[in-house]
$ cat my_file.cif   # mmCIF, C-alpha atoms
data_input
loop_
_atom_site.label_atom_id
_atom_site.label_comp_id
_atom_site.auth_asym_id
_atom_site.auth_seq_id
_atom_site.Cartn_x
_atom_site.Cartn_y
_atom_site.Cartn_z
CA MET A 203 40.20 41.59 77.33
CA LEU A 204 39.64 44.74 75.34
CA LYS A 205 40.31 47.99 77.10
CA ILE A 206 38.62 50.95 75.47
CA SER A 207 38.54 54.62 76.37
CA LYS A 208 35.18 55.94 77.55
CA SER A 209 35.15 58.46 74.71
CA ALA A 210 35.75 55.78 72.04
CA TYR A 211 33.12 53.52 73.64
CA ASP A 212 30.52 56.29 73.74
CA PHE A 213 31.44 57.29 70.19
CA ILE A 214 30.75 53.86 68.65
CA ARG A 215 27.41 53.55 70.46
CA ARG A 216 26.39 57.03 69.33
CA HIS A 217 27.43 56.18 65.77
CA GLY A 218 25.02 53.21 65.83
CA GLU A 219 22.21 55.50 66.92
CA GLU A 220 23.02 58.07 64.24
CA THR A 221 22.91 55.59 61.36
CA TYR A 222 19.85 53.68 62.67
CA PRO A 223 18.02 51.86 61.06
CA HIS A 224 21.16 51.21 59.03
CA GLU A 225 24.28 49.45 60.30
CA CYS A 226 27.20 51.70 61.23
CA CYS A 227 30.81 50.57 60.99
CA GLY A 228 34.28 51.76 61.85
CA VAL A 229 37.81 50.95 62.91
CA LEU A 230 39.33 50.72 66.40
CA LEU A 231 42.98 51.70 66.88
CA GLY A 232 45.37 51.55 69.77
CA GLN A 233 48.36 49.76 71.22
CA ILE A 234 49.13 46.34 72.61
CA ASN A 235 50.89 46.62 75.96
CA GLY A 236 51.16 44.74 79.25
CA GLU A 237 47.45 45.32 79.90
CA GLY A 238 46.45 43.71 76.63
CA ARG A 239 44.89 45.54 73.74
CA VAL A 240 44.06 49.14 74.52
CA ILE A 241 41.83 51.10 72.16
CA THR A 242 42.61 54.79 72.14
CA SER A 243 40.68 55.98 69.11
CA SER A 244 37.82 54.99 66.86
CA VAL A 245 37.36 56.07 63.27
CA PRO A 246 33.88 56.04 61.70
CA CYS A 247 33.60 54.66 58.18
CA GLY A 248 30.93 54.77 55.53
CA ASN A 249 28.89 51.62 54.95
CA THR A 250 29.33 50.78 51.26
CA ARG A 251 26.52 48.18 51.36
CA THR A 252 23.95 50.67 50.14
CA ASP A 253 22.03 47.73 48.64
CA SER A 254 21.30 46.28 52.09
CA PRO A 255 22.42 48.74 54.79
CA ARG A 256 19.92 47.53 57.42
CA ASN A 257 21.60 44.14 57.79
CA ARG A 258 24.98 44.30 56.05
CA TYR A 259 28.09 46.44 56.27
CA HIS A 260 31.30 46.73 54.32
CA ILE A 261 34.16 49.17 54.71
CA ASP A 262 35.83 50.48 51.55
CA PRO A 263 39.38 49.02 51.63
CA LYS A 264 40.64 52.39 50.43
CA GLU A 265 39.43 53.85 53.74
CA LEU A 266 41.24 51.04 55.59
CA VAL A 267 44.47 51.78 53.75
CA ARG A 268 44.25 55.43 54.76
CA ILE A 269 43.33 54.62 58.38
CA GLN A 270 46.14 52.05 58.64
CA ARG A 271 48.67 54.55 57.27
CA GLU A 272 47.48 57.47 59.42
CA GLY A 273 47.38 55.23 62.50
CA ARG A 274 50.96 54.20 61.85
CA ASP A 275 51.98 57.88 61.83
CA ARG A 276 50.39 58.24 65.32
CA ASN A 277 51.91 54.98 66.58
CA GLU A 278 48.46 53.33 66.63
CA ASP A 279 47.64 49.98 65.09
CA ILE A 280 44.31 48.65 63.86
CA LEU A 281 43.19 46.35 66.68
CA GLY A 282 39.52 45.92 65.89
CA PHE A 283 36.35 46.99 64.16
CA TYR A 284 32.86 47.91 65.23
CA HIS A 285 29.42 47.74 63.70
CA SER A 286 25.81 47.86 64.85
CA HIS A 287 22.91 45.44 64.68
CA PRO A 288 19.74 47.52 64.27
CA ASP A 289 16.84 45.84 66.12
CA HIS A 290 18.90 42.68 66.53
CA PRO A 291 20.97 41.21 69.40
CA ALA A 292 24.61 42.21 69.97
CA ARG A 293 25.85 38.74 68.99
CA TRP A 294 27.95 37.79 66.00
CA SER A 295 26.10 36.30 63.04
CA ARG A 296 27.19 33.64 60.56
CA THR A 297 27.83 36.46 58.10
CA ASP A 298 30.02 38.24 60.67
CA LEU A 299 32.15 35.11 61.11
CA ALA A 300 32.34 34.27 57.41
CA GLU A 301 33.51 37.80 56.61
CA ALA A 302 35.98 38.10 59.53
CA HIS A 303 39.63 37.84 58.49
CA TRP A 304 41.56 39.97 60.98
CA PHE A 305 42.84 37.33 63.39
CA GLY A 306 43.68 38.56 66.85
CA CYS A 307 41.44 41.58 66.36
CA SER A 308 38.20 42.50 68.13
CA TYR A 309 34.83 42.67 66.45
CA VAL A 310 32.63 44.94 68.57
CA ILE A 311 28.87 44.80 68.01
CA THR A 312 26.26 47.19 69.44
CA SER A 313 22.58 46.34 69.38
CA VAL A 314 20.45 49.38 68.58
CA GLU A 315 16.77 49.01 69.42
CA LYS A 316 14.33 51.58 68.05
CA GLY A 317 17.19 54.02 67.60
CA LYS A 318 18.71 53.58 71.06
CA ALA A 319 22.05 51.79 71.66
CA VAL A 320 21.47 48.94 74.14
CA LEU A 321 24.22 46.33 74.49
CA THR A 322 27.81 46.47 73.26
CA ASN A 323 29.73 43.20 73.13
CA SER A 324 33.17 42.30 71.84
CA PHE A 325 34.34 39.12 70.12
CA LEU A 326 37.93 38.16 69.40
CA LEU A 327 38.69 36.42 66.09
CA ASP A 328 40.86 33.42 66.91
CA GLY A 329 42.16 30.41 65.01
CA THR A 330 45.04 29.50 62.74
CA GLY A 331 43.29 30.25 59.46
CA GLU A 332 40.04 30.34 57.51
CA GLY A 333 39.39 26.65 58.23
CA ASP A 334 39.20 26.81 62.01
CA LYS A 335 38.43 30.45 62.74
CA HIS A 336 36.02 31.33 65.53
CA LEU A 337 34.78 34.40 67.38
CA ASP A 338 35.18 34.21 71.16
CA ASP A 339 33.42 36.33 73.77
CA GLU A 340 35.75 39.01 75.07
CA ARG A 341 35.37 41.19 78.15
CA ILE A 342 35.29 44.95 77.56
CA GLU A 343 36.88 47.20 80.15
CA ILE A 344 36.01 50.85 79.84
CA ALA A 345 38.86 53.15 80.84
CA PRO A 346 38.07 56.54 82.33
CA MET B 184 59.93 49.58 48.36
CA LYS B 185 57.87 49.15 51.49
CA ILE B 186 55.07 46.65 52.19
CA LEU B 187 52.82 47.48 55.14
CA ILE B 188 51.73 44.36 57.02
CA PRO B 189 48.30 44.47 58.74
CA THR B 190 48.17 43.57 62.44
CA PRO B 191 46.74 40.01 62.00
CA LEU B 192 49.58 38.98 59.69
CA ARG B 193 52.47 40.36 61.73
CA GLN B 194 52.76 37.12 63.69
CA TYR B 195 54.03 35.66 60.41
CA SER B 196 56.43 38.53 59.60
CA ASP B 197 58.55 38.37 62.76
CA LYS B 198 56.20 41.04 64.21
CA GLN B 199 57.44 43.59 61.69
CA PRO B 200 54.80 46.19 60.70
CA ALA B 201 56.61 46.90 57.42
CA VAL B 202 58.95 44.94 55.20
CA GLU B 203 61.36 46.44 52.64
CA VAL B 204 61.74 44.53 49.36
CA LYS B 205 63.40 45.13 45.99
CA ALA B 206 60.96 44.58 43.14
CA ALA B 207 59.92 45.78 39.70
CA THR B 208 56.27 44.70 39.96
CA VAL B 209 53.62 44.14 42.62
CA GLY B 210 53.88 40.38 42.01
CA GLU B 211 57.65 40.43 42.54
CA ALA B 212 57.22 42.44 45.71
CA LEU B 213 54.70 39.97 47.14
CA SER B 214 56.88 37.02 46.09
CA GLY B 215 59.84 38.62 47.84
CA LEU B 216 57.70 39.06 50.94
CA VAL B 217 56.55 35.43 51.13
CA MET B 218 60.04 34.16 50.31
CA ARG B 219 61.36 36.00 53.31
CA HIS B 220 58.35 35.09 55.49
CA PRO B 221 57.02 31.77 54.12
CA ASP B 222 54.29 31.44 56.76
CA LEU B 223 52.53 34.39 55.14
CA ARG B 224 51.90 32.44 51.94
CA ARG B 225 48.82 30.50 52.98
CA HIS B 226 47.23 33.62 54.42
CA LEU B 227 47.69 35.60 51.20
CA TYR B 228 47.33 32.94 48.50
CA THR B 229 44.97 30.05 47.76
CA GLU B 230 46.39 26.56 47.21
CA GLU B 231 46.19 27.35 43.49
CA GLY B 232 48.52 30.29 44.02
CA LYS B 233 45.92 33.03 43.49
CA LEU B 234 45.62 35.97 45.85
CA ARG B 235 42.74 35.26 48.24
CA ALA B 236 39.55 37.12 47.34
CA PHE B 237 39.36 38.91 50.70
CA VAL B 238 42.98 40.13 50.53
CA ASN B 239 43.12 43.65 49.12
CA VAL B 240 46.46 44.85 47.80
CA TYR B 241 46.89 48.58 47.32
CA LEU B 242 49.76 50.32 45.58
CA ASN B 243 49.85 53.65 47.39
CA ASP B 244 46.13 54.59 47.17
CA GLU B 245 45.13 52.38 44.25
CA ASP B 246 43.65 48.87 44.29
CA VAL B 247 45.99 46.81 42.09
CA ARG B 248 42.93 44.95 40.71
CA TYR B 249 42.14 48.18 38.85
CA LEU B 250 45.74 48.67 37.70
CA GLN B 251 47.63 45.82 36.04
CA LYS B 252 47.12 43.50 39.01
CA GLU B 253 50.33 41.70 39.97
CA ALA B 254 52.04 42.92 36.78
CA THR B 255 51.70 46.53 37.97
CA GLN B 256 55.10 48.21 37.92
CA VAL B 257 56.45 49.69 41.13
CA ARG B 258 59.13 52.18 42.12
CA ASP B 259 61.38 52.17 45.18
CA SER B 260 59.41 55.07 46.68
CA ASP B 261 56.07 53.19 46.45
CA THR B 262 54.22 51.58 49.32
CA ILE B 263 52.11 48.45 49.09
CA SER B 264 49.38 48.03 51.71
CA ILE B 265 47.84 44.64 52.41
CA VAL B 266 44.35 44.98 53.90
CA PRO B 267 42.04 42.00 54.46
CA SER B 268 38.42 43.02 53.85
CA ILE B 269 36.02 44.12 56.57
CA ALA B 270 32.37 43.20 56.21
CA GLY B 271 29.51 41.43 57.94
CA GLY B 272 26.06 42.07 59.25
CA ARG B 273 23.28 40.47 61.25
#
$ encode --input "my_file.cif" --output "structure tokens"
Amino acid sequence: MLKISKSAYDFIRRHGEETYPHECCGVLLGQINGEGRVITSSVPCGNTRTDSPRNRYHIDPKELVRIQREGRDRNEDILGFYHSHPDHPARWSRTDLAEAHWFGCSYVITSVEKGKAVLTNSFLLDGTGEGDKHLDDERIEIAP
Amino acid sequence: MKILIPTPLRQYSDKQPAVEVKAATVGEALSGLVMRHPDLRRHLYTEEGKLRAFVNVYLNDEDVRYLQKEATQVRDSDTISIVPSIAGGR
């Protein structure tokens, strides 16, 4: 289960609308506690795939390094990522799985239809390595 | 020097978010890391012993691929960040 603050949830959906018809992307940070993984902040990133922004995204690792370091200073860890699927279902694609390497982290996908955010789903990357990795459906609980 | 471990790899570093190592180069630092935490090796390196393509290694704010790669010299005050890549799309 992924618990996410209402403000972070609204933020990632709005980000998908803002970048439509291009994919948005960003990082989810928080803490792991007795309730599971709790997202307390989301950080928007630029999509470096300017060659194909309608159906691909990539986050500059330099941005990740900064976000990881700044999160550490606030006692927040990177626990997941989000991106949007413009005019496409909120399900993971073969590309999403092939490019997923953060085991134990959530990959949150929002479908944006004609500029309006519709569904937001989360998938947990599980497995012991690249050979048997898989994305599992994960319930999202929105905290007040 | 300090090596920051990303969340997915901490299960292989005794849950430590950062590991201190003594090293003169990036390669030595990473070797010291996997010697201390051998389970990390297969997640960082291919069977041929090359860093996996999706594993980004940064020395402070610089990608070591654009420095002298694993031969890049380091100082005690430096920080290495390991960040697997983030990408995808529909």
$ interface_residues --input "my_file.cif" --of "chain B" --to "chain A" --cutoff "6 Å" --atoms "all atoms listed in the file" --output "list in words"
Pro191, Ile269, Ala270, Gly271, Gly272 and Arg273 of chain B
$ residues_around --input "my_file.cif" --residues "B:Leu227" --least-positions-apart "5" --cutoff "9 Å" --atoms "all atoms listed in the file" --output "list in words"
Val217, Gly232, Lys233, Leu234, Arg235, Phe237 and Val238 of chain B
$ resolve_selection --input "my_file.cif" --expression "the PyMOL selection byres ((chain B and resi 256) around 12)" --output "list in words"
Met184, Lys205, Ala206, Ala207, Thr208, Val209, Gly210, Glu211, Ala212, Leu242, Val247, Leu250, Gln251, Lys252, Glu253, Ala254, Thr255, Val257, Arg258, Asp259, Ser260, Asp261, Thr262 and Ile263 of chain B
$ closest_residue --input "my_file.cif" --among "B:Pro200, B:Arg193, B:Tyr228, B:Lys185" --to "A:Glu278" --atoms "all atoms listed in the file"
B:Pro200
$ closest_residue --input "my_file.cif" --among "A:Ile214, A:Leu204, A:Ser313, A:Tyr222" --to "A:Cys247" --atoms "all atoms listed in the file"
A:Ile214
$ resolve_selection --input "my_file.cif" --expression "the PyMOL selection byres ((chain B and resi 187) around 7)" --output "number ranges by chain"
B: 185-186, 188-189, 200-202, 263-265
$ atom_distance --input "my_file.cif" --atom1 "atom CA of A:Arg216" --atom2 "atom CA of A:Gln233"
23.2 Å
$ atom_distance --input "my_file.cif" --atom1 "atom CA of B:Asn239" --atom2 "atom CA of B:Leu216"
15.4 Å
$ atom_distance --input "my_file.cif" --atom1 "atom CA of A:Thr242" --atom2 "atom CA of B:Asp244"
25.2 Å
$ closest_residue --input "my_file.cif" --among "B:Tyr249, B:His220, B:Pro267, B:Asp197" --to "B:Ala236" --atoms "only C-alpha atoms"
B:Pro267
$ residues_around --input "my_file.cif" --residues "A:Gly317" --least-positions-apart "3" --cutoff "7 Å" --atoms "all atoms listed in the file" --output "ChimeraX atom specification"
/A:219,222-223,314
$ closest_residue --input "my_file.cif" --among "A:Ile269, A:Asp212, A:Gly329, A:Arg276" --to "A:Ile344" --atoms "all atoms listed in the file"
A:Asp212
$ build_atoms --input "my_file.cif" --residues "stretch 251-262 of chain B" --atoms "all heavy atoms" --output "mmCIF file, keeping the file's coordinate frame"
data_model
loop_
_atom_site.group_PDB
_atom_site.id
_atom_site.type_symbol
_atom_site.label_atom_id
_atom_site.label_comp_id
_atom_site.auth_asym_id
_atom_site.auth_seq_id
_atom_site.Cartn_x
_atom_site.Cartn_y
_atom_site.Cartn_z
ATOM 1 N N GLN B 251 47.294 47.014 36.851
ATOM 2 C CA GLN B 251 47.630 45.820 36.040
ATOM 3 C C GLN B 251 47.827 44.607 36.945
ATOM 4 O O GLN B 251 48.683 43.756 36.706
ATOM 5 C CB GLN B 251 48.875 46.071 35.182
ATOM 6 C CG GLN B 251 48.620 46.942 33.962
ATOM 7 C CD GLN B 251 48.553 48.416 34.317
ATOM 8 O OE1 GLN B 251 49.413 48.916 35.033
ATOM 9 N NE2 GLN B 251 47.520 49.107 33.864
ATOM 10 N N LYS B 252 47.057 44.590 38.027
ATOM 11 C CA LYS B 252 47.120 43.500 39.010
ATOM 12 C C LYS B 252 48.582 43.266 39.439
ATOM 13 O O LYS B 252 49.290 44.216 39.717
ATOM 14 C CB LYS B 252 46.459 42.247 38.452
ATOM 15 C CG LYS B 252 44.987 42.494 38.112
ATOM 16 C CD LYS B 252 44.276 41.221 37.738
ATOM 17 C CE LYS B 252 42.789 41.510 37.598
ATOM 18 N NZ LYS B 252 42.276 41.381 36.274
ATOM 19 N N GLU B 253 48.989 41.974 39.456
ATOM 20 C CA GLU B 253 50.330 41.700 39.970
ATOM 21 C C GLU B 253 51.434 42.126 39.000
ATOM 22 O O GLU B 253 52.604 42.187 39.371
ATOM 23 C CB GLU B 253 50.456 40.219 40.341
ATOM 24 C CG GLU B 253 49.633 39.915 41.595
ATOM 25 C CD GLU B 253 49.597 38.450 41.962
ATOM 26 O OE1 GLU B 253 50.609 37.959 42.472
ATOM 27 O OE2 GLU B 253 48.557 37.809 41.743
ATOM 28 N N ALA B 254 51.043 42.438 37.752
ATOM 29 C CA ALA B 254 52.040 42.920 36.780
ATOM 30 C C ALA B 254 52.273 44.427 36.900
ATOM 31 O O ALA B 254 53.130 44.987 36.198
ATOM 32 C CB ALA B 254 51.574 42.578 35.370
ATOM 33 N N THR B 255 51.549 45.083 37.801
ATOM 34 C CA THR B 255 51.700 46.530 37.970
ATOM 35 C C THR B 255 53.133 46.878 38.357
ATOM 36 O O THR B 255 53.702 46.281 39.279
ATOM 37 C CB THR B 255 50.746 47.027 39.095
ATOM 38 O OG1 THR B 255 49.427 46.579 38.794
ATOM 39 C CG2 THR B 255 50.774 48.539 39.196
ATOM 40 N N GLN B 256 53.712 47.829 37.636
ATOM 41 C CA GLN B 256 55.100 48.210 37.920
ATOM 42 C C GLN B 256 55.185 49.071 39.177
ATOM 43 O O GLN B 256 54.250 49.833 39.479
ATOM 44 C CB GLN B 256 55.661 48.979 36.729
ATOM 45 C CG GLN B 256 55.677 48.120 35.463
ATOM 46 C CD GLN B 256 56.777 48.510 34.512
ATOM 47 O OE1 GLN B 256 57.104 49.681 34.381
ATOM 48 N NE2 GLN B 256 57.345 47.524 33.837
ATOM 49 N N VAL B 257 56.274 48.915 39.894
ATOM 50 C CA VAL B 257 56.450 49.690 41.130
ATOM 51 C C VAL B 257 57.810 50.400 41.111
ATOM 52 O O VAL B 257 58.720 50.008 40.380
ATOM 53 C CB VAL B 257 56.371 48.760 42.368
ATOM 54 C CG1 VAL B 257 55.015 48.103 42.468
ATOM 55 C CG2 VAL B 257 57.468 47.689 42.348
ATOM 56 N N ARG B 258 57.865 51.450 41.949
ATOM 57 C CA ARG B 258 59.130 52.180 42.120
ATOM 58 C C ARG B 258 59.581 52.035 43.575
ATOM 59 O O ARG B 258 58.772 51.712 44.454
ATOM 60 C CB ARG B 258 58.927 53.668 41.808
ATOM 61 C CG ARG B 258 58.665 53.940 40.335
ATOM 62 C CD ARG B 258 58.307 55.389 40.133
ATOM 63 N NE ARG B 258 57.127 55.737 40.928
ATOM 64 C CZ ARG B 258 56.505 56.895 40.881
ATOM 65 N NH1 ARG B 258 56.950 57.850 40.090
ATOM 66 N NH2 ARG B 258 55.443 57.134 41.619
ATOM 67 N N ASP B 259 60.844 52.323 43.821
ATOM 68 C CA ASP B 259 61.380 52.170 45.180
ATOM 69 C C ASP B 259 60.630 53.013 46.208
ATOM 70 O O ASP B 259 60.536 52.660 47.379
ATOM 71 C CB ASP B 259 62.863 52.574 45.209
ATOM 72 C CG ASP B 259 63.748 51.412 44.783
ATOM 73 O OD1 ASP B 259 63.201 50.302 44.597
ATOM 74 O OD2 ASP B 259 64.970 51.622 44.635
ATOM 75 N N SER B 260 60.089 54.155 45.743
ATOM 76 C CA SER B 260 59.410 55.070 46.680
ATOM 77 C C SER B 260 57.967 54.655 46.956
ATOM 78 O O SER B 260 57.283 55.292 47.757
ATOM 79 C CB SER B 260 59.449 56.488 46.106
ATOM 80 O OG SER B 260 58.850 56.488 44.810
ATOM 81 N N ASP B 261 57.467 53.615 46.275
ATOM 82 C CA ASP B 261 56.070 53.190 46.450
ATOM 83 C C ASP B 261 55.872 52.412 47.748
ATOM 84 O O ASP B 261 56.804 51.834 48.290
ATOM 85 C CB ASP B 261 55.626 52.305 45.281
ATOM 86 C CG ASP B 261 55.406 53.101 44.001
ATOM 87 O OD1 ASP B 261 55.137 54.313 44.098
ATOM 88 O OD2 ASP B 261 55.496 52.501 42.914
ATOM 89 N N THR B 262 54.601 52.387 48.159
ATOM 90 C CA THR B 262 54.220 51.580 49.320
ATOM 91 C C THR B 262 53.065 50.673 48.942
ATOM 92 O O THR B 262 52.079 51.125 48.356
ATOM 93 C CB THR B 262 53.777 52.489 50.496
ATOM 94 O OG1 THR B 262 54.865 53.336 50.855
ATOM 95 C CG2 THR B 262 53.363 51.663 51.712
#
